[in-house]
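Engineer: Below is one structure. I have some questions about it.
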Number of protein chains: 2
Amino acid sequence: MPAYLTNIVPIFIKRIINPSVLKKILVLGAGRSSVYLIDYLLQHAEVQQWEVTIADLSAEAAAQKAKGHPNARPIAFDLKNNDLLQAEVQRADVVVSLLPADMHLPVAEACVQHGRSMFTASYVSPGMQALDAEVRAKGLLFLNEIGCDPGIDHMSAMQLIDEIKAEGGKITAFYSYTGGLVAPACDTNPWHYKFSWNPRNVVLAGQPGPARYLANGTIRYVPYARLFNEAARVEVPGFGFLDAYANRDSLPYQALYGLQDAHTLLRATFRYPEYCDAWSVMVYLGLTNEQLFFNDCRNMRYRDLLNACLPPDHTPTVREGFEKTLRERLHFDAATVARISAQFDYLDFFSDRTFERDAASAAQLLLDILQEKWLLAPGDRDLVVMQHHFVYELHGVKKEKISTLVLEGNDDYHTAMAKTVGLPLAMALRRYLLGELALIGVQIPIQAEIYEPVLAELEDWGVKFHHK
Amino acid sequence: MPAYLTNIVPIFIKRIINPSVLKKILVLGAGRSSVYLIDYLLQHAEVQQWEVTIADLSAEAAAQKAKGHPNARPIAFDLKNNDLLQAEVQRADVVVSLLPADMHLPVAEACVQHGRSMFTASYVSPGMQALDAEVRAKGLLFLNEIGCDPGIDHMSAMQLIDEIKAEGGKITAFYSYTGGLVAPACDTNPWHYKFSWNPRNVVLAGQPGPARYLANGTIRYVPYARLFNEAARVEVPGFGFLDAYANRDSLPYQALYGLQDAHTLLRATFRYPEYCDAWSVMVYLGLTNEQLFFNDCRNMRYRDLLNACLPPDHTPTVREGFEKTLRERLHFDAATVARISAQFDYLDFFSDRTFERDAASAAQLLLDILQEKWLLAPGDRDLVVMQHHFVYELHGVKKEKISTLVLEGNDDYHTAMAKTVGLPLAMALRRYLLGELALIGVQIPIQAEIYEPVLAELEDWGVKFHHK
């Protein structure tokens with residue numbers, strides 16, 4: 001179809017199928033998290049009379065997700081093109097942003113301007129929160145944090161909190177954990193990690209910090225430099241043990257979740273054992289640092305990068321310097337030194353390999369390495385593990401409840417992560433378009449009117465918690 | 001004098017004493033570093049026919065520094081008042097900014113606009129450097145880093161570098177250290193530190209990092225979290241031992257100083273022993289962090305602040321938790337644990353004292369504590385120690401040269417810091433106004449035409465290096 005027709009066809013469709021009913025959904029971003037979201041929207045598109053515009057930097061990625069569906073409208077989209085952004089937002093009835101979290105704000109501002117509601121799976125940023133009054137005044141809904149974590153965690157936690165409270169229980173401690181991991185059968189590297197979502201977010205996880213949580217009535221801060229050192233070992237019933245490091249600021253959820261009686265409140269991120277202590281070495285060395293900048297990387301070997309980050313102990317080789325640092329400065333025992341050294345070796349950190357960039361930050365170079373080494377290979381399955389742990393008093397008796405979701409992906413494209421990020425958003429959006437959500441303002445999904453239908457529908461897709 | 005006359009009087013003076021000769025100097029900032037600078041300018045003001053405008057947020061501080069001198073013009077000045085900034089810059093022939101480093105840029109932009117040269121004792125920021133082409137095009141000089149460190153360190157280093165090269169020497173290693181300390185006789189607290197300059201800069205020292213230097217041909221990065229752990233012990237001949245931590249990015253000085261043959265290049269900051277390891281605990285805990293934010297500080301005890309920053313080990317008291325952290329997580333030996341615990345005790349960190357603020361960052365609260373505890377008391381003398389250490393080859397023979405400045409202040413007002421920050425700037429400015437400096441552009445003092453006369457004149461003030 002010639003380019004000049006792309007804007008005419010939808011008008012044509014609109015006329016045929018009844019202009020008062022056709023709803024136009026604009027989906028910004030067609031990356032790995034969009035698979036289930038777009039499939040779900042297209043599945044419902046004919047019945048609901050939706051047009052789904054799939055907008056991505058890569059026209060190819062957009063077309064791939066559209067699969068030639070008659071209600072799909074794939075377009076090339078660059079957020080830098082503000083005219084296009086304004087035109088597409090104006091054209092749509094509702095906007096979904098799956099763009100990286102720091103790109104939502106210009107979209108949100110366009111949505112306010114043109115009076116469109118908006119859905120994201122990202123944390124509410126201060127800029128987003130600041131739009132609340134305008135969003136309310138226009139009767140719009142900006143629903144954020146409606147993905148996996150944040151998203152399903154909020155909904156499933158709130159369902160249990162409301163249940164316990166309805167029974168008459170008083171919640172004194174609440175722990176909530178989520179991890180995007182690799183399925184045990186596909187866990188083939190010594191870091192026990194493969195990427196099922198944005199790799200950059202994994203490298204920058206926890207920055208700039210600090211994390212904050214409530215433990216036995218004391219607010220605890222964890223500066224970034226300590227975040228992975230202070231990971232705790234947690235049992236997941238029926239699965240095994242995982243490590244958990246504190247996830248951002250847990251404290252606002254005391255008010256949001258209505259946990260005023262809790263003396264302990266922690267939101268944390270799961271990793272397999274042997275990940276956090278080795279990653280704490282990355283942090284110690286500065287390898288996750290975006291301000292640590294290197295020139296002429298094509299002539300820099302992986303071991304030169306590592307060496308530049310080591311304290312200046314004089315050793316014959318980089319490997320010896322690295323192991324000496326682990327032993328003498330970080331006080332790891334011999335077995336752990338050997339294991340972490342093997343983990344770094346797996347990433348070729350003692351090798352003569354060179355980088356394929358001219359200049360870059362340490363974080364970028366590390367990302368280059370990990371994108372090769374932690375790739376979810378064809379056929380690999382990912383894993384989402386979520387767990388809520390409540391301690392509460394019921395009629396004077398101390399009780400505990402543990403609720404666990406363990407979900408494997410189908411393959412490296414149909415991941416558990418894409419499913420759990422995309423479906424809650426798509427389901428909430430469907431209900432919004434059906435007129436079943438009366439909420440307005442900048443929101444996160446902690447109301448029964450959202451969590452009840454979405455959690456029920458998620459069970460049909462195999463996304464189901466087990467309670468203990 | 002009525003306010004409406006303040007702008008008329010200088011015009012009147014100008015008419016009497018010859019308008020072609022009177023030079024107007026605008027000094028922005030009359031804090032503790034301005035004492036010697038303003039005295040020097042006023043000493044020369046009558047002979048040189050200078051008017052010295054002393055501009056400060058506090059009209060009182062400006063008037064105090066003016067001492068009623070007939071050539072001084074104290075004014076109240078707020079950088080937020082852009083009209084006043086423009087008017088004062090336009091009115092002046094040359095501008096000195098002693099404002100905090102992050103405030104120089106609007107001043108510099110006004111100087112470019114009105115065609116005025118500018119002097120600062122601060123590091124050249126990227127924004128300042130970006131003005132270079134415009135500054136040159138207008139034939140102006142923006143001379144920065146003309147204080148103590150940066151300043152005297154550049155000048156004294158360059159004089160020695162030029163001497164060694166003139167002899168035929170090849171410099172293979174260069175270490176340059178400066179510390180603003182307290183005189184040994186006035187060192188009365190277990191941190192061995194008192195403030196002789198901006199206390200906020202001491203709390204934030206090294207942030208955000210990383211530091212960078214060259215060691216035996218290898219570029220080394222030091223993330224902020226490690227900066228104070230990796231301090232090195234250095235002998236200062238005739239004085240004793242000090243610790244030194246890496247100061248920002250040493251690498252640009254390889255080109256600036258002409259040290260292309262050096263395999264080692266380190267600029268570092270001196271502290272007394274027992275400071276750096278204890279301060280590394282502050283950093284570890286997050287107490288120097290501006291993102292770690294507390295509400296309701298009036299009801300927070302000092303020990304609550306410390307406790308919030310401790311890892312979650314269960315101990316009966318904050319002191320026990322603190323000492324357990326030092327012992328088990330930071331692996332200090334028993335004597336060091338006891339000593340650092342005493343250093344924190346000196347700051348009342350185990351006490352029930354509360355803060356006098358509603359909400360603040362950890363860094364701000366720490367600053368509140370330290371401004372009381374590390375005050376340079378009436379009569380206390382400060383100390384500036386600077387040392388350059390060269391390793392070089394001369395006609396095939398390896399040689400070393402150590403050049404040291406140890407300067408005590410007179411009292412808590414006439415500090416060695418104020419002397420060494422203010423006099424180099426004032427001396428360079430005098431020469432500029434006499435037409436003795438032909439330099440233009442954004443510069444730092446590494447040229448013989450600046451360092452020779454300034455270092456010679458500094459010796460008259462007792463600022464003198466000893467060589468070994």
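How things are named: the first chain in the structure tokens is A, the next is B, and so on; residues count from 1 in each chain; ligands count from 1 in the order shown.
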Residues within 8 Å of segment 54-58 of chain B, please, as a list of chain:residue names. Count only C-alpha atoms; anything in the same chain fewer than 2 positions from it doesn't count.

Structural biologist: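 My reading of the contact set: B:Leu26, B:Val27, B:Leu28, B:Gly29, B:Ala30, B:Val52, B:Glu60, B:Ala61, B:Ala62, B:Ala63, B:Lys65, B:Ala66, B:Ala72, B:Arg73, B:Pro74, B:Ile75, B:Ala76, B:Phe77, B:Asp78.
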
Engineer: Could you take the residues named above and write them with N, CA and C atoms, as an mmCIF file, in the first residue's frame?

Structural biologist:
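Everything below was put into result-v1.cif:
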```cif
data_model
loop_
_atom_site.group_PDB
_atom_site.id
_atom_site.type_symbol
_atom_site.label_atom_id
_atom_site.label_comp_id
_atom_site.auth_asym_id
_atom_site.auth_seq_id
_atom_site.Cartn_x
_atom_site.Cartn_y
_atom_site.Cartn_z
ATOM 1 N N LEU B 26 34.706 43.368 40.288
ATOM 2 C CA LEU B 26 33.518 42.833 40.955
ATOM 3 C C LEU B 26 33.876 41.483 41.578
ATOM 4 N N VAL B 27 33.802 41.385 42.906
ATOM 5 C CA VAL B 27 34.066 40.118 43.607
ATOM 6 C C VAL B 27 32.732 39.549 44.089
ATOM 7 N N LEU B 28 32.364 38.393 43.546
ATOM 8 C CA LEU B 28 31.102 37.749 43.940
ATOM 9 C C LEU B 28 31.387 36.689 44.994
ATOM 10 N N GLY B 29 30.856 36.886 46.204
ATOM 11 C CA GLY B 29 31.066 35.908 47.285
ATOM 12 C C GLY B 29 32.092 36.411 48.272
ATOM 13 N N ALA B 30 31.662 36.605 49.532
ATOM 14 C CA ALA B 30 32.577 37.109 50.566
ATOM 15 C C ALA B 30 32.603 36.134 51.738
ATOM 16 N N VAL B 52 36.738 48.136 44.297
ATOM 17 C CA VAL B 52 36.468 46.724 44.555
ATOM 18 C C VAL B 52 35.035 46.572 45.078
ATOM 19 N N GLU B 60 25.989 42.137 55.352
ATOM 20 C CA GLU B 60 26.854 42.263 56.519
ATOM 21 C C GLU B 60 28.228 41.654 56.250
ATOM 22 N N ALA B 61 28.234 40.449 55.660
ATOM 23 C CA ALA B 61 29.506 39.801 55.333
ATOM 24 C C ALA B 61 30.297 40.663 54.358
ATOM 25 N N ALA B 62 29.600 41.255 53.382
ATOM 26 C CA ALA B 62 30.269 42.125 52.404
ATOM 27 C C ALA B 62 30.869 43.336 53.107
ATOM 28 N N ALA B 63 30.094 43.950 53.990
ATOM 29 C CA ALA B 63 30.572 45.150 54.692
ATOM 30 C C ALA B 63 31.743 44.814 55.607
ATOM 31 N N LYS B 65 34.001 42.486 55.177
ATOM 32 C CA LYS B 65 35.219 42.318 54.380
ATOM 33 C C LYS B 65 35.707 43.656 53.830
ATOM 34 N N ALA B 66 34.777 44.604 53.615
ATOM 35 C CA ALA B 66 35.147 45.913 53.049
ATOM 36 C C ALA B 66 35.891 46.762 54.059
ATOM 37 N N ALA B 72 36.404 50.315 48.554
ATOM 38 C CA ALA B 72 35.527 49.145 48.602
ATOM 39 C C ALA B 72 34.076 49.561 48.446
ATOM 40 N N ARG B 73 33.312 48.760 47.783
ATOM 41 C CA ARG B 73 31.891 49.034 47.558
ATOM 42 C C ARG B 73 31.104 47.757 47.900
ATOM 43 N N PRO B 74 30.766 47.554 49.176
ATOM 44 C CA PRO B 74 30.022 46.350 49.559
ATOM 45 C C PRO B 74 28.574 46.431 49.099
ATOM 46 N N ILE B 75 28.076 45.351 48.525
ATOM 47 C CA ILE B 75 26.657 45.326 48.126
ATOM 48 C C ILE B 75 26.034 43.972 48.465
ATOM 49 N N ALA B 76 24.713 43.989 48.683
ATOM 50 C CA ALA B 76 23.967 42.736 48.825
ATOM 51 C C ALA B 76 23.723 42.189 47.421
ATOM 52 N N PHE B 77 23.927 40.885 47.265
ATOM 53 C CA PHE B 77 23.860 40.310 45.924
ATOM 54 C C PHE B 77 23.264 38.919 45.991
ATOM 55 N N ASP B 78 22.263 38.683 45.156
ATOM 56 C CA ASP B 78 21.667 37.343 45.058
ATOM 57 C C ASP B 78 21.713 36.940 43.586
#
```

Engineer: Enumerate the residues of segment 107-262 of chain A with a DSSP assignment of strand (DSSP E or B), computed from the backbone, and present them as a ChimeraX atom specification.

Structural biologist: /A:117-120,141-143,147,151,170-182,211-215,218-222,232-236,240-246,249

Engineer: Hey, can you check how far atom CA of Asn295 of chain A sits from atom CA of Arg136 of chain B?

Structural biologist: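 If I compute the distance from atom CA of Asn295 of chain A to atom CA of Arg136 of chain B, I get 28.6 Å.
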
Engineer: Give me, as a PyMOL selection string, all polymer residues having an atom no more than 9 Å from Arg301 of chain B, counting only C-alpha atoms and skipping those fewer than 3 positions away in the same chain.

Structural biologist: chain B and resi 297-298+304-306+349-355

Engineer: Please report as number ranges by chain which residues of chain B come no farther than 7 Å from chain A, using only C-alpha atoms.

Structural biologist: B: 210, 218-223, 225, 286, 291-292, 308-309

Engineer: May I ask for the distance between atom CA of Ile369 of chain A and atom CA of Asp249 of chain B, given in Å to one decimal place?

Structural biologist: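 Computed distance, atom CA of Ile369 of chain A to atom CA of Asp249 of chain B, equals 26.2 Å.
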
Engineer: For segment 117-122 of chain B, find every residue with an atom within 8 Å (counting only C-alpha atoms), except residues of its own chain fewer than 3 positions away, and show them as a list in words.

Structural biologist: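 Once the adjacent positions are removed, what remains is Asp93, Val94, Val95, Val96, Ser97, Leu98, Ala101, Ala108, Cys111, Val112, Leu140, Leu141, Phe142, Leu143, Asn144, Glu145, Ile146, Gly147, Cys148, Pro150, Gly151, Val421, Leu425 and Leu429 of chain B.
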
Engineer: If you count only C-alpha atoms, which residues fall within 8 Å of Glu393 of chain A, apart from same-chain ones fewer than 6 positions away, as a ChimeraX atom specification?

Structural biologist: /A:169-172,399

Engineer: Selected residues, N, CA, C and O atoms, written as a compact mmCIF listing (two decimals), in the first residue's frame, please.

Structural biologist:
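Saved file out_33.txt follows:
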```
# COMPACT_ATOMS: atom_id res chain seq x y z
N GLY A 169 -8.35 -10.32 60.17
CA GLY A 169 -6.92 -10.46 60.46
C GLY A 169 -6.20 -9.11 60.49
O GLY A 169 -6.62 -8.16 59.83
N LYS A 170 -5.11 -9.06 61.28
CA LYS A 170 -4.27 -7.86 61.36
C LYS A 170 -2.89 -8.23 60.85
O LYS A 170 -2.19 -9.04 61.47
N ILE A 171 -2.50 -7.65 59.72
CA ILE A 171 -1.24 -8.04 59.07
C ILE A 171 -0.08 -7.32 59.74
O ILE A 171 -0.04 -6.09 59.80
N THR A 172 0.88 -8.10 60.27
CA THR A 172 2.02 -7.50 60.98
C THR A 172 3.30 -7.52 60.16
O THR A 172 4.22 -6.75 60.41
N LYS A 399 -0.75 -16.15 62.56
CA LYS A 399 -0.89 -17.01 61.39
C LYS A 399 0.09 -16.57 60.31
O LYS A 399 0.57 -15.45 60.31
```

Engineer: Just asking: which residues within segment 46-268 of chain B are alpha helix (DSSP H) according to DSSP, as a ChimeraX atom specification?

Structural biologist: /B:46-48,59-66,82-91,104-114,126-129,132-137,152-167,199-203,252-256

Engineer: In Å, how far is it from atom CA of Glu109 of chain B to atom CA of Ala205 of chain B?

Structural biologist: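 Answer for the atom CA of Glu109 of chain B to atom CA of Ala205 of chain B separation: 27.0 Å.
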
Engineer: Pick from A:Asn410, A:Asn189, A:Asn247, A:Ser196: nearest to Leu347 of chain A, with only C-alpha atoms counted?

Structural biologist: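 With only C-alpha atoms as the atom set, the closest residue is A:Asn189.
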
Engineer: Given only C-alpha atoms as the basis, pick out the residue of A:Arg200, A:Lys401, A:His466, A:Arg233 nearest to Asp368 of chain A.

Structural biologist: A:Arg200

Engineer: For Leu370 of chain A, which of A:Gly396, A:Pro199, A:Gly179, A:Gly168 is the closest residue, counting only C-alpha atoms?

Structural biologist: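 Selected residue with least distance to Leu370 of chain A: A:Pro199.
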
Engineer: Could you give me, as a list in words, the residues within 7 Å of Phe195 of chain B, counting only C-alpha atoms and dropping anything in the same chain fewer than 4 positions from it?

Structural biologist: Pro199, Trp374, Leu375 and Leu376 of chain B

Engineer: Name the residues in contact with Phe465 of chain B at a cut-off of 8 Å, using only C-alpha atoms, excluding same-chain residues fewer than 2 positions from it; report them as a ChimeraX atom specification.

Structural biologist: /B:403-406,463,467

Engineer: Residues as selected, C-alpha atoms, written as a CSV table (one decimal), in the first residue's frame, can you do that?

Structural biologist:
```
chain,number,residue,atom,x,y,z
B,403,SER,CA,58.7,19.2,46.8
B,404,THR,CA,56.6,20.1,49.9
B,405,LEU,CA,54.6,23.0,51.2
B,406,VAL,CA,53.5,23.0,54.9
B,463,VAL,CA,53.9,30.3,50.9
B,467,HIS,CA,62.6,20.5,47.9
```
